[in-house]
Amino acid sequence: QSRKCGKCSRRDLRRMMLLPGSRPRLAWDLSSWIFVGYEIVTIPLGLIESSRGPFANVAEWCCRFYWTLDVPATFLTGATLASGRVELSPCKVAQRYLKSWFAIDATLVGLDWVEVVAGGISQAAGMGRTIKIVRVLRMMRLLRMVRLMRVPEV
């Protein structure tokens, strides 16, 4: 019988945990570099030019879904400790993430979705300045680069 971790069994969640250096996780992290690079270029351009083509619209939705899915993916990725040991306990990994990057990630994902709502409202109410402010705040996405380059946590 497995010990309980909150309302879920650690054994059930442990099966879903990814090793930080596993191929699926490395592919996911490589994808994040592509999305960050895309946003580094397009977010400032979006401040200047408000009209977007179909490619930009599809790419923005892909980015939005990627970053939204990145939050649960991070909860399901083990943490490499300073000792070199990989922590795969779902509860401990969740605690580490909640204490470190979760607030930033949740804020950025929230801003992505606020932009969707504000975009719909701004078209109806002429709130173009509001949407530009949200885009500036999304420049915080650069912080993700720091997270990707992070060293093992103590």
# chains A, B, ... in the order shown; residues from 1 in each chain; ligands from 1
$ select_by_dssp --residues "region 45-102 of chain A" --states "alpha helix (DSSP H)" --output "NGL selection string"
:A and (45-48 or 54-75 or 90-99 or 102)
$ closest_residue --among "A:Ala82, A:Lys99, A:Trp67, A:Phe75" --to "Trp113 (chain A)" --atoms "only C-alpha atoms"
A:Trp67
$ residues_around --residues "Thr68 (chain A)" --least-positions-apart "4" --cutoff "9 Å" --atoms "only C-alpha atoms" --output "compact mmCIF listing (two decimals) with C-alpha atoms, in the first residue's frame"
# COMPACT_ATOMS: atom_id res chain seq x y z
CA CYS A 63 2.84 29.64 -27.69
CA ARG A 64 -0.11 30.24 -25.38
CA PRO A 72 1.75 20.87 -15.27
CA ASP A 105 5.08 30.93 -14.56
CA ALA A 106 1.49 31.30 -13.36
CA VAL A 109 0.41 32.17 -18.33
CA GLY A 110 -2.27 34.30 -16.72
CA ASP A 112 -1.32 35.20 -21.91
$ residues_around --residues "Met17 (chain A)" --least-positions-apart "5" --cutoff "7 Å" --atoms "only C-alpha atoms" --output "ChimeraX atom specification"
/A:76-78,88
$ closest_residue --among "A:Val36, A:Val86, A:Ala73, A:Ala94" --to "Leu19 (chain A)" --atoms "only C-alpha atoms"
A:Val86
$ closest_residue --among "A:Asn57, A:Gln95, A:Thr74, A:Ser83" --to "Val116 (chain A)" --atoms "only C-alpha atoms"
A:Asn57
$ decode --residues "region 50-85 of chain A" --atoms "N, CA and C atoms" --output "PDB file, in the first residue's frame"
ATOM      1  N   SER A  50      -0.041  46.597 -34.872  1.00  0.00           N
ATOM      2  CA  SER A  50      -1.152  45.878 -34.251  1.00  0.00           C
ATOM      3  C   SER A  50      -1.782  44.837 -35.175  1.00  0.00           C
ATOM      4  N   SER A  51      -1.624  44.982 -36.490  1.00  0.00           N
ATOM      5  CA  SER A  51      -2.220  44.011 -37.398  1.00  0.00           C
ATOM      6  C   SER A  51      -1.324  42.779 -37.499  1.00  0.00           C
ATOM      7  N   ARG A  52      -1.934  41.615 -37.510  1.00  0.00           N
ATOM      8  CA  ARG A  52      -1.193  40.354 -37.561  1.00  0.00           C
ATOM      9  C   ARG A  52      -1.785  39.476 -38.643  1.00  0.00           C
ATOM     10  N   GLY A  53      -0.912  38.703 -39.245  1.00  0.00           N
ATOM     11  CA  GLY A  53      -1.361  37.767 -40.259  1.00  0.00           C
ATOM     12  C   GLY A  53      -1.780  36.451 -39.652  1.00  0.00           C
ATOM     13  N   PRO A  54      -2.262  35.534 -40.484  1.00  0.00           N
ATOM     14  CA  PRO A  54      -2.720  34.239 -39.983  1.00  0.00           C
ATOM     15  C   PRO A  54      -1.609  33.428 -39.323  1.00  0.00           C
ATOM     16  N   PHE A  55      -0.367  33.503 -39.865  1.00  0.00           N
ATOM     17  CA  PHE A  55       0.735  32.762 -39.251  1.00  0.00           C
ATOM     18  C   PHE A  55       0.971  33.232 -37.822  1.00  0.00           C
ATOM     19  N   ALA A  56       0.997  34.543 -37.631  1.00  0.00           N
ATOM     20  CA  ALA A  56       1.233  35.099 -36.291  1.00  0.00           C
ATOM     21  C   ALA A  56       0.132  34.684 -35.327  1.00  0.00           C
ATOM     22  N   ASN A  57      -1.104  34.670 -35.793  1.00  0.00           N
ATOM     23  CA  ASN A  57      -2.209  34.261 -34.918  1.00  0.00           C
ATOM     24  C   ASN A  57      -2.064  32.801 -34.493  1.00  0.00           C
ATOM     25  N   VAL A  58      -1.740  31.926 -35.441  1.00  0.00           N
ATOM     26  CA  VAL A  58      -1.562  30.508 -35.118  1.00  0.00           C
ATOM     27  C   VAL A  58      -0.368  30.332 -34.187  1.00  0.00           C
ATOM     28  N   ALA A  59       0.732  31.028 -34.489  1.00  0.00           N
ATOM     29  CA  ALA A  59       1.938  30.912 -33.653  1.00  0.00           C
ATOM     30  C   ALA A  59       1.669  31.392 -32.229  1.00  0.00           C
ATOM     31  N   GLU A  60       0.924  32.468 -32.081  1.00  0.00           N
ATOM     32  CA  GLU A  60       0.605  32.971 -30.737  1.00  0.00           C
ATOM     33  C   GLU A  60      -0.239  31.965 -29.958  1.00  0.00           C
ATOM     34  N   TRP A  61      -1.193  31.331 -30.635  1.00  0.00           N
ATOM     35  CA  TRP A  61      -2.001  30.319 -29.944  1.00  0.00           C
ATOM     36  C   TRP A  61      -1.145  29.110 -29.575  1.00  0.00           C
ATOM     37  N   CYS A  62      -0.220  28.727 -30.436  1.00  0.00           N
ATOM     38  CA  CYS A  62       0.689  27.617 -30.111  1.00  0.00           C
ATOM     39  C   CYS A  62       1.528  27.966 -28.880  1.00  0.00           C
ATOM     40  N   CYS A  63       2.058  29.191 -28.849  1.00  0.00           N
ATOM     41  CA  CYS A  63       2.837  29.641 -27.689  1.00  0.00           C
ATOM     42  C   CYS A  63       1.981  29.619 -26.422  1.00  0.00           C
ATOM     43  N   ARG A  64       0.793  30.156 -26.539  1.00  0.00           N
ATOM     44  CA  ARG A  64      -0.109  30.236 -25.380  1.00  0.00           C
ATOM     45  C   ARG A  64      -0.401  28.842 -24.813  1.00  0.00           C
ATOM     46  N   PHE A  65      -0.713  27.882 -25.695  1.00  0.00           N
ATOM     47  CA  PHE A  65      -0.990  26.520 -25.225  1.00  0.00           C
ATOM     48  C   PHE A  65       0.268  25.852 -24.683  1.00  0.00           C
ATOM     49  N   TYR A  66       1.393  26.089 -25.336  1.00  0.00           N
ATOM     50  CA  TYR A  66       2.645  25.495 -24.864  1.00  0.00           C
ATOM     51  C   TYR A  66       2.937  25.940 -23.438  1.00  0.00           C
ATOM     52  N   TRP A  67       2.913  27.268 -23.206  1.00  0.00           N
ATOM     53  CA  TRP A  67       3.245  27.764 -21.871  1.00  0.00           C
ATOM     54  C   TRP A  67       2.207  27.336 -20.828  1.00  0.00           C
ATOM     55  N   THR A  68       0.967  27.213 -21.243  1.00  0.00           N
ATOM     56  CA  THR A  68      -0.065  26.722 -20.324  1.00  0.00           C
ATOM     57  C   THR A  68       0.234  25.279 -19.924  1.00  0.00           C
ATOM     58  N   LEU A  69       0.617  24.446 -20.890  1.00  0.00           N
ATOM     59  CA  LEU A  69       0.940  23.047 -20.602  1.00  0.00           C
ATOM     60  C   LEU A  69       2.277  22.884 -19.882  1.00  0.00           C
ATOM     61  N   ASP A  70       3.125  23.895 -19.978  1.00  0.00           N
ATOM     62  CA  ASP A  70       4.428  23.827 -19.321  1.00  0.00           C
ATOM     63  C   ASP A  70       4.292  23.797 -17.794  1.00  0.00           C
ATOM     64  N   VAL A  71       3.259  24.412 -17.272  1.00  0.00           N
ATOM     65  CA  VAL A  71       3.077  24.423 -15.805  1.00  0.00           C
ATOM     66  C   VAL A  71       2.863  23.003 -15.271  1.00  0.00           C
ATOM     67  N   PRO A  72       1.872  22.249 -15.765  1.00  0.00           N
ATOM     68  CA  PRO A  72       1.746  20.872 -15.269  1.00  0.00           C
ATOM     69  C   PRO A  72       2.951  20.002 -15.638  1.00  0.00           C
ATOM     70  N   ALA A  73       3.576  20.266 -16.789  1.00  0.00           N
ATOM     71  CA  ALA A  73       4.768  19.489 -17.164  1.00  0.00           C
ATOM     72  C   ALA A  73       5.890  19.697 -16.156  1.00  0.00           C
ATOM     73  N   THR A  74       6.003  20.908 -15.636  1.00  0.00           N
ATOM     74  CA  THR A  74       7.036  21.186 -14.640  1.00  0.00           C
ATOM     75  C   THR A  74       6.722  20.485 -13.322  1.00  0.00           C
ATOM     76  N   PHE A  75       5.458  20.430 -12.957  1.00  0.00           N
ATOM     77  CA  PHE A  75       5.079  19.680 -11.757  1.00  0.00           C
ATOM     78  C   PHE A  75       5.421  18.197 -11.901  1.00  0.00           C
ATOM     79  N   LEU A  76       5.460  17.705 -13.126  1.00  0.00           N
ATOM     80  CA  LEU A  76       5.703  16.284 -13.373  1.00  0.00           C
ATOM     81  C   LEU A  76       7.139  15.981 -13.792  1.00  0.00           C
ATOM     82  N   THR A  77       8.041  16.923 -13.567  1.00  0.00           N
ATOM     83  CA  THR A  77       9.445  16.715 -13.901  1.00  0.00           C
ATOM     84  C   THR A  77      10.260  16.705 -12.616  1.00  0.00           C
ATOM     85  N   GLY A  78      11.048  15.659 -12.446  1.00  0.00           N
ATOM     86  CA  GLY A  78      11.898  15.561 -11.262  1.00  0.00           C
ATOM     87  C   GLY A  78      12.868  16.726 -11.183  1.00  0.00           C
ATOM     88  N   ALA A  79      13.382  16.955  -9.991  1.00  0.00           N
ATOM     89  CA  ALA A  79      14.321  18.050  -9.757  1.00  0.00           C
ATOM     90  C   ALA A  79      15.699  17.468  -9.450  1.00  0.00           C
ATOM     91  N   THR A  80      16.724  18.009 -10.093  1.00  0.00           N
ATOM     92  CA  THR A  80      18.086  17.587  -9.815  1.00  0.00           C
ATOM     93  C   THR A  80      18.592  18.395  -8.638  1.00  0.00           C
ATOM     94  N   LEU A  81      18.986  17.702  -7.593  1.00  0.00           N
ATOM     95  CA  LEU A  81      19.475  18.356  -6.385  1.00  0.00           C
ATOM     96  C   LEU A  81      20.961  18.665  -6.527  1.00  0.00           C
ATOM     97  N   ALA A  82      21.480  19.495  -5.637  1.00  0.00           N
ATOM     98  CA  ALA A  82      22.900  19.874  -5.668  1.00  0.00           C
ATOM     99  C   ALA A  82      23.799  18.650  -5.549  1.00  0.00           C
ATOM    100  N   SER A  83      23.334  17.634  -4.854  1.00  0.00           N
ATOM    101  CA  SER A  83      24.115  16.412  -4.676  1.00  0.00           C
ATOM    102  C   SER A  83      24.175  15.579  -5.957  1.00  0.00           C
ATOM    103  N   GLY A  84      23.376  15.954  -6.946  1.00  0.00           N
ATOM    104  CA  GLY A  84      23.307  15.202  -8.189  1.00  0.00           C
ATOM    105  C   GLY A  84      22.169  14.194  -8.201  1.00  0.00           C
ATOM    106  N   ARG A  85      21.576  13.965  -7.049  1.00  0.00           N
ATOM    107  CA  ARG A  85      20.439  13.054  -6.945  1.00  0.00           C
ATOM    108  C   ARG A  85      19.210  13.704  -7.562  1.00  0.00           C
TER     109      ARG A  85
END
